[in-house]
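Data first, discussion second: the structure below is written as structure tokens.
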Amino acid sequence: EYDDVNIASLAQLTAEPGVTWIQVRGLTAQSVEGIGRQFAIHPLVLEDILHTNQRPKFSDYGDYLAVILKSLVVTAGTIDYNSEQVSLILGPNYVISFLESLPEDNDVLHNVYERVKSRRGKIARLGADYLLYALVDSLVDHYFLALEHLGEKIETLEEQIAARPRPELLGELHALKQDMLFMRKSVWPVRELVSALERGESALIQETTLIYLRDIYDHIVQVIETVEIYRDMLSGMLDIYLSSVSNRMSEVMKMLTIISTIFIPLTFIAGVYGMNFDYMPELRWQYGYPLILAVMLIMSLLMLRYFQKRKWL
Amino acid sequence: EYDDVNIASLAQLTAEPGVTWIQVRGLTAQSVEGIGRQFAIHPLVLEDILHTNQRPKFSDYGDYLAVILKSLVVTAGTIDYNSEQVSLILGPNYVISFLESLPEDNDVLHNVYERVKSRRGKIARLGADYLLYALVDSLVDHYFLALEHLGEKIETLEEQIAARPRPELLGELHALKQDMLFMRKSVWPVRELVSALERGESALIQETTLIYLRDIYDHIVQVIETVEIYRDMLSGMLDIYLSSVSNRMSEVMKMLTIISTIFIPLTFIAGVYGMNFDYMPELRWQYGYPLILAVMLIMSLLMLRYFQKRKWL
Amino acid sequence: EYDDVNIASLAQLTAEPGVTWIQVRGLTAQSVEGIGRQFAIHPLVLEDILHTNQRPKFSDYGDYLAVILKSLVVTAGTIDYNSEQVSLILGPNYVISFLESLPEDNDVLHNVYERVKSRRGKIARLGADYLLYALVDSLVDHYFLALEHLGEKIETLEEQIAARPRPELLGELHALKQDMLFMRKSVWPVRELVSALERGESALIQETTLIYLRDIYDHIVQVIETVEIYRDMLSGMLDIYLSSVSNRMSEVMKMLTIISTIFIPLTFIAGVYGMNFDYMPELRWQYGYPLILAVMLIMSLLMLRYFQKRKWL
Amino acid sequence: EYDDVNIASLAQLTAEPGVTWIQVRGLTAQSVEGIGRQFAIHPLVLEDILHTNQRPKFSDYGDYLAVILKSLVVTAGTIDYNSEQVSLILGPNYVISFLESLPEDNDVLHNVYERVKSRRGKIARLGADYLLYALVDSLVDHYFLALEHLGEKIETLEEQIAARPRPELLGELHALKQDMLFMRKSVWPVRELVSALERGESALIQETTLIYLRDIYDHIVQVIETVEIYRDMLSGMLDIYLSSVSNRMSEVMKMLTIISTIFIPLTFIAGVYGMNFDYMPELRWQYGYPLILAVMLIMSLLMLRYFQKRKWL
Amino acid sequence: EYDDVNIASLAQLTAEPGVTWIQVRGLTAQSVEGIGRQFAIHPLVLEDILHTNQRPKFSDYGDYLAVILKSLVVTAGTIDYNSEQVSLILGPNYVISFLESLPEDNDVLHNVYERVKSRRGKIARLGADYLLYALVDSLVDHYFLALEHLGEKIETLEEQIAARPRPELLGELHALKQDMLFMRKSVWPVRELVSALERGESALIQETTLIYLRDIYDHIVQVIETVEIYRDMLSGMLDIYLSSVSNRMSEVMKMLTIISTIFIPLTFIAGVYGMNFDYMPELRWQYGYPLILAVMLIMSLLMLRYFQKRKWL
């Protein structure tokens with residue numbers, strides 16, 4: 001729990017008894033490489049820490065483990081994917097965390113930090129690997145928050161589509177689908193990672209911590225399953241959207257057809273008696289006009305009957 | 001078979017010979033933790049018992065096994081998914097079951113309880129692991145009831161869609177699809193769970209019980225396969241719905257086209273002889289009017305012939 | 001080859017040298033349990049035999065193997081899925097078969113029985129496990145017949161759809177799709193079953209029989225592959241159906257458009273010269289009428305030209 | 001390299017040093033069984049050789065290997081799927097090949113025969129298993145030819161669909177899709193087969209030949225991948241076809257809408273001034289007619305403007 | 001770093017201490033076979049090197065490893081798939097690379113060459129297997145460039161489709177889909193290849209190099225995942241395209257329906273009063289004409305109201 005310290009003095013910290021957590025905020029090549037030298041970390045790991053678009057991964061270097069993760073944060077209604085790469089180094093009695101962003105009041109690691117502080121006693125007792133667990137656990141819990149947020153958005157969208165399918169909603173639907181793609185991309189490798197950690201082949205992970213890692217594993221699987229269900233739900237919503245659009249179109253077509261089918265023949269009859277032939281006896285009948293109007297009325301009633309029978313009305 | 005007993009005295013029960021089943025109804029942090037202390041259960045298990053939205057899972061802690069399941073209950077025509085989390089702890093000669101809801105007359109565990117009572121002799125003979133089997137078996141049997149119920153709903157819907165495809169049915173279809181998604185989500189992990197139990201690596205599961213567990217496994221696989229078939233059937237019904245909607249639309253279009261194609265040219269002819277040119281010799285012919293009516297009649301008959309040949313009628 | 005014998009005496013049969021095949025037709029709880037007692041069969045197996053909607057499965061109980069299968073029979077043009085559950089028990093020198101239906105002249109087991117009789121010498125020589133193979137082989141051969149039957153139905157449907165796509169055909173197509181789903185559901189577990197048998201871990205299966213079991217396995221895989229191909233073909237036929245429906249619709253639309261596009265403007269022109277304005281000089285021209293007719297003719301010819309250029313005719 | 005020899009003398013051939021290749025053309029139960037007896041081949045293998053609709057497979061009988069394959073031949077523009085079953089028996093120093101068809105000048109095995117002849121030295125040096133490799137390799141090379149042929153057909157079809165989507169092309173597309181299904185069905189089991197051969201568990205396959213078998217394996221995988229890509233391409237072409245059909249339809253609809261939307265209101269106006277009311281002051285105006293014509297012109301220009309703005313023209 | 005040297009003298013180079021990289025540009029059967037003889041390379045490998053449409057693969061021949069890869073180059077806006085086959089032979093202290101093309105200033109290997117030169121010290125220290133890693137790493141980095149390029153094209157296309165869906169865009173979309181198919185085909189086998197290398201079963205790959213190979217493996221997995229996400233995105237864009245086309249069509253239909261539904265009945269009324277019956281009292285009324293105009297106006301306003309209520313306007 002120090003700040004802006006001299007890098008050279010960090011190695012001494014780990015000589016003290018207890019578990020040391022070194023937080024590095026704001027990555028510079030210089031500071032990362034400095035720490036790398038102090039703790040004898042492989043250059044490839046340092047490179048991965050500095051290039052912050054890595055896939056989540058886990059590597060076991062014997063003396064230390066390197067874990068690279070993504071944090072997912074929900075800020076004011078939007079999800080910030082891959083918002084931050086969190087790199088963790090687990091040594092015998094220390095954990096080093098690397099974050100690109102400078103500390104702010106309400107950022108991910110802050111929450112983590114608070115949670116970790118509250119378990120301080122347990123950490124001192126259970127060792128550095130338990131601290132690693134606590135950090136990863138907190139990050140995974142943030143995935144649940146992000147998922148919940150997406151779940152709410154999906155529900156809102158579902159209601160809107162049911163109420164009135166507008167083309168804009170389709171755009172939103174596809175945006176959500178892509179959110180799911182990225183969510184999945186972020187979470188899947190974490191599953192492998194935790195599974196690799198949990199297989200317990202590293203001497204740095206104690207027996208007692210394995211149960212906790214298995215718990216994270218179960219959480220990750222639950223996240224993945226929920227993502228898959230959301231994806232299926234979104235596909236279902238696309239079907240509903242499309243079929244409700246085509247439903248509206250078929251309604252429009254019916255309207256057109258009913259109007260046309262009734263009036264086109266009537267207009268034809270009117271056209272016939274609008275012809276100027278010299279010899280059209282009907283035109284001379286006294287009741288020709290009301291008669292023809294009656295014929296037209298009957299015709300349209302029959303048509304309406306027909307439409308009703310066909311269930312078009 | 002006691003009720004509301006003193007937690008401290010529970011541990012003594014297990015000292016008696018025979019198999020003890022402790023039912024805990026209505027979860028409070030206090031009671032769960034009390035029992036946890038009495039039976040030396042890992043805090044993570046207690047946490048899972050208390051947070052009732054866990055994924056079904058199985059963990060082997062050496063001295064005891066923890067099994068977390070979902071019960072699916074059909075009540076008055078609706079399926080209550082994830083209705084209850086049933087947590088089971090299997091010790092050497094006891095089973096502890098945890099349920100959120102207070103006991104009611106017709107709840108799941110009641111049925112289970114009745115069934116278990118009827119096998120009491122067998123349980124005493126075969127041990128606590130057989131009791132665990134009996135409990136899980138009863139829960140899995142409830143899945144079959146839920147599936148049967150869904151199957152009936154699917155059949156009804158299929159008939160309704162065949163009779164008359166209405167947009168409301170599409171909504172029902174998608175609701176059923178989602179029911180299937182949740183059903184699948186609930187049942188899949190049970191498969192892994194039973195498979196893990198059945199692999200028989202725990203000393204708490206006797207050789208003789210393995211055959212029974214394999215039987216549950218077969219049932220679970222049958223549930224899963226049926227869910228998959230229902231999903232395929234629902235997809236097929238969506239296809240039928242969509243194509244029957246588009247079929248009706250194409251009928252509407254044909255109607256419009258037939259009426260328009262017959263009357264638009266006739267109306268044009270009527271329009272021609274309604275023109276007011278001074279020199280239109282046909283208008284002066286004595287049989288001009290009947291002649292033109294005959295022409296119109298022949299034209300429409302030819303049209304109808306053409307439509308018939310094209311199989312539009 | 002006895003009939004309606006005393007159950008108690010059955011066990012003695014197996015004391016004789018040679019292979020004994022005991023056929024049980026028409027399942028009653030009493031007879032099944034009686035036989036179960038005689039041959040010391042596990043209650044779970046007896047339960048599976050009595051509940052005839054089991055998933056095909058195989059279990060090894062050391063002294064005997066239990067195999068549960070479905071027979072598929074084609075009778076007079078319809079496939080009778082899951083028509084019968086055939087349960088087989090293989091002991092050291094006997095096979096017991098259980099069938100729900102009473103013997104009839106042309107039922108599945110009859111065919112099997114004939115085939116088995118013709119291989120009698122071989123069975124005596126090769127043992128009870130060869131008899132089991134012969135029974136399963138005969139059942140699997142019936143799957144081929146059922147598949148062939150479905151294949152013919154698919155071909156007929158394909159021709160009908162190509163000739164004229166009617167909505168009824170869509171119903172047939174979906175019925176066939178469901179047939180495939182059930183076929184697949186029936187056959188998949190048989191694959192696992194035969195594969196488990198063939199792995200040859202049971203002492204009851206001799207080395208020499210394994211080659212024959214592998215042959216059945218190859219047949220089952222061929223059935224499964226054919227089912228998958230049929231499913232793909234049915235999907236393709238759905239595409240063809242839908243696109244040919246939409247094709248017909250687009251033809252209908254073209255018809256409507258051509259007629260409307262030609263006659264609506266002409267009708268307008270006729271309407272203009274049907275107006276009753278006092279001062280319309282064209283109406284007074286001597287050649288006004290033939291002129292306007294010529295204009296109309298030229299307009300419609302130009303339209304037709306345009307449609308031809310756009311490949312609508 | 002003999003012809004129509006006495007079956008009994010065949011076994012003697014294998015006593016000579018070197019590799020013997022026995023070609024059997026035109027399968028009769030008699031000749032196959034005769035050879036089977038001579039070389040002590042299992043009846044199931046002989047059955048598979050005679051029933052020429054087998055799935056490609058490989059079985060190891062210790063003393064000999066049985067390989068069953070399909071040849072795919074392109075003759076004059078059509079692919080002849082499953083054209084021939086080629087059965088191969090590999091013994092310690094001989095290969096027996098069985099083909100249904102009688103020898104013709106340009107059949108598959110002839111090509112193979114030529115290729116094999118050109119590697120004769122190598123075969124004598126490397127043994128019968130190398131001959132088996134050479135035969136399988138030649139057959140697999142024919143798959144590439146068939147694939148190439150299908151690839152050209154797909155390309156041609158793609159161009160035709162891009163140029164003008166006609167319903168006939170859809171039929172061709174589906175024919176190609178089915179070709180792919182059958183191609184896949186033929187090639188997949190060959191992969192397993194070669195993989196089983198290559199795992200090198202048979203004493204009949206020498207270490208040096210394994211490298212060659214791995215080469216075939218790579219080729220088969222390449223064939224399978226290409227088939228998958230072709231399938232994806234055909235799906236893409238179906239999408240293009242469908243959307244270009246719907247595109248043409250939407251063009252037709254636009255045409256209809258533009259013509260109708262312009263002329264229906266104009267016709268209405270003409271209809272109004274064609275009414276025969278006694279008191280219609282406009283009819284008496286001197287410039288009524290040109291005025292109304294001007295109004296109509298302006299209306300249609302405004303309409304055209306509107307369509308242009310909506311990008312319908 | 002020599003050029004156009006005598007093949008015979010190459011083998012001597014490898015006798016010198018240090019790591020030797022032999023670049024062969026422009027493949028001729030003669031030069032490849034010459035080198036093959038010098039370094040005792042298996043004829044199958046030489047064949048693979050010469051036939052430049054091989055699937056990426058890796059084979060371990062004990063004394064040397066053969067790696068065959070594809071380079072992907074972006075030149076002036078188009079991706080050149082499978083542009084070059086790069087074949088690499090790794091011996092104890094040398095790497096031989098084979099490329100079809102003659103050296104140009106800005107080709108792939110040139111870039112690689114530059115990068116490799118800059119790590120020359122490391123290569124001398126870490127051995128020939130590190131050189132192999134450096135070469136493969138450079139090629140994989142080019143895949144990222146190609147992917148980035150495709151990603152930009154997808155983004156541009158997405159914007160164009162959102163702005164205005166034109167049929168041409170569909171063609172582009174499918175071209176991109178096929179690019180993805182080929183990309184996937186090129187990259188998947190590289191994954192297997194690197195994974196095989198990394199499993200570290202060859203004595204030619206040192207322990208220290210394994211970490212670097214695992215890094216490449218992670219990169220390849222990232223490439224594959226991105227390809228899959230792009231494929232999903234393209235599918236989503238196809239959905240958006242199709243539904244926006246159908247949306248425009250439904251707009252066109254609405255326009256047609258509104259115009260027709262308003263004017264067809266009005267035209268009918270005008271037609272009625274255009275009839276020439278002798279006795280039509282309305283025609284004689286003084287306010288008949290304005291009255292009928294008012295009726296028409298009211299009718300159309302009611303219609304518009306109705307459309308507005310149905311949300312068609």
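Lettering and numbering for the structure tokens are positional, with chains as A, B, ... in the shown order, residues counted from 1 in each chain, and ligands counted from 1 in the shown order.
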Practice item. Using only C-alpha atoms, find the residues of chain E whose closest atom to chain A is at most 7 Å away, then write them as a ChimeraX atom specification. Key: /E:222,229,236,250,254,257,261,264-265,268,271-272,274-280
Can you write out the residues you just picked, keeping N, CA, C and O atoms, as a compact mmCIF listing (two decimals), in the first residue's frame?
# COMPACT_ATOMS: atom_id res chain seq x y z
N GLN E 222 -5.37 -15.71 -31.56
CA GLN E 222 -6.00 -14.40 -31.65
C GLN E 222 -6.45 -14.10 -33.09
O GLN E 222 -7.53 -13.58 -33.32
N ILE E 229 -14.91 -13.74 -35.46
CA ILE E 229 -15.75 -12.58 -35.14
C ILE E 229 -16.11 -11.83 -36.41
O ILE E 229 -17.25 -11.40 -36.60
N GLY E 236 -24.09 -10.80 -39.69
CA GLY E 236 -24.98 -9.78 -39.17
C GLY E 236 -25.25 -8.70 -40.20
O GLY E 236 -26.37 -8.22 -40.35
N SER E 250 -41.16 -2.50 -48.28
CA SER E 250 -42.42 -2.34 -47.58
C SER E 250 -42.84 -0.87 -47.59
O SER E 250 -44.03 -0.55 -47.61
N LYS E 254 -46.29 0.54 -49.12
CA LYS E 254 -47.19 1.41 -48.36
C LYS E 254 -47.61 2.60 -49.22
O LYS E 254 -48.78 2.98 -49.25
N THR E 257 -50.11 1.56 -51.67
CA THR E 257 -51.39 1.26 -51.04
C THR E 257 -52.11 2.51 -50.64
O THR E 257 -53.32 2.65 -50.83
N THR E 261 -55.54 3.39 -52.27
CA THR E 261 -56.69 3.28 -51.37
C THR E 261 -57.44 4.60 -51.31
O THR E 261 -58.66 4.65 -51.14
N ILE E 264 -58.67 5.25 -55.62
CA ILE E 264 -59.52 4.31 -56.35
C ILE E 264 -61.01 4.54 -56.00
O ILE E 264 -61.85 4.65 -56.89
N PRO E 265 -61.35 4.66 -54.71
CA PRO E 265 -62.77 4.93 -54.41
C PRO E 265 -63.25 6.28 -54.98
O PRO E 265 -64.35 6.37 -55.48
N PHE E 268 -63.93 5.99 -58.54
CA PHE E 268 -65.20 5.29 -58.72
C PHE E 268 -66.38 6.26 -58.63
O PHE E 268 -67.28 6.26 -59.47
N GLY E 271 -66.59 8.27 -61.55
CA GLY E 271 -67.10 7.44 -62.64
C GLY E 271 -68.61 7.33 -62.60
O GLY E 271 -69.29 7.39 -63.65
N VAL E 272 -69.16 7.20 -61.40
CA VAL E 272 -70.62 7.09 -61.25
C VAL E 272 -71.31 8.32 -61.85
O VAL E 272 -72.26 8.20 -62.63
N GLY E 274 -70.19 10.19 -64.00
CA GLY E 274 -69.86 10.35 -65.41
C GLY E 274 -70.75 9.45 -66.27
O GLY E 274 -70.62 9.42 -67.49
N MET E 275 -71.63 8.66 -65.63
CA MET E 275 -72.52 7.78 -66.39
C MET E 275 -73.58 8.62 -67.11
O MET E 275 -73.93 9.71 -66.67
N ASN E 276 -74.06 8.05 -68.19
CA ASN E 276 -74.95 8.83 -69.04
C ASN E 276 -76.43 8.47 -68.91
O ASN E 276 -77.18 8.58 -69.86
N PHE E 277 -76.85 7.96 -67.73
CA PHE E 277 -78.27 7.65 -67.58
C PHE E 277 -79.12 8.90 -67.76
O PHE E 277 -78.71 10.00 -67.34
N ASP E 278 -80.29 8.71 -68.34
CA ASP E 278 -81.18 9.85 -68.54
C ASP E 278 -81.70 10.41 -67.23
O ASP E 278 -81.83 11.60 -67.05
N TYR E 279 -81.97 9.49 -66.33
CA TYR E 279 -82.55 9.95 -65.07
C TYR E 279 -81.56 9.82 -63.92
O TYR E 279 -81.49 8.80 -63.25
N MET E 280 -80.73 10.82 -63.72
CA MET E 280 -79.85 10.84 -62.55
C MET E 280 -80.08 12.16 -61.83
O MET E 280 -79.41 13.15 -62.12
Review point. When you draw a straight line from atom CA of A:Ala203 to atom CA of A:Tyr143, how long is it in Å?
Key: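 Distance between the two atoms: 28.6 Å.
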Review point. Residues at most 12 Å from E:Leu139, counting only C-alpha atoms, excluding those fewer than 4 positions away in the same chain, as a PyMOL selection string?
Key: chain E and resi 68-73+82-88+107-113+115-116+132-135+143-146+186-187+190+216+219-220
Check your understanding: Which of these, A:Glu155, A:Ile298, A:Ala163, A:Pro189, has the shortest distance to A:Tyr230 once you count only C-alpha atoms?
Key ->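 Closest to A:Tyr230 of all the choices is A:Glu155.
When atom CA of B:Phe307 is paired with atom CA of C:Leu157, their separation reads 25.5 Å.
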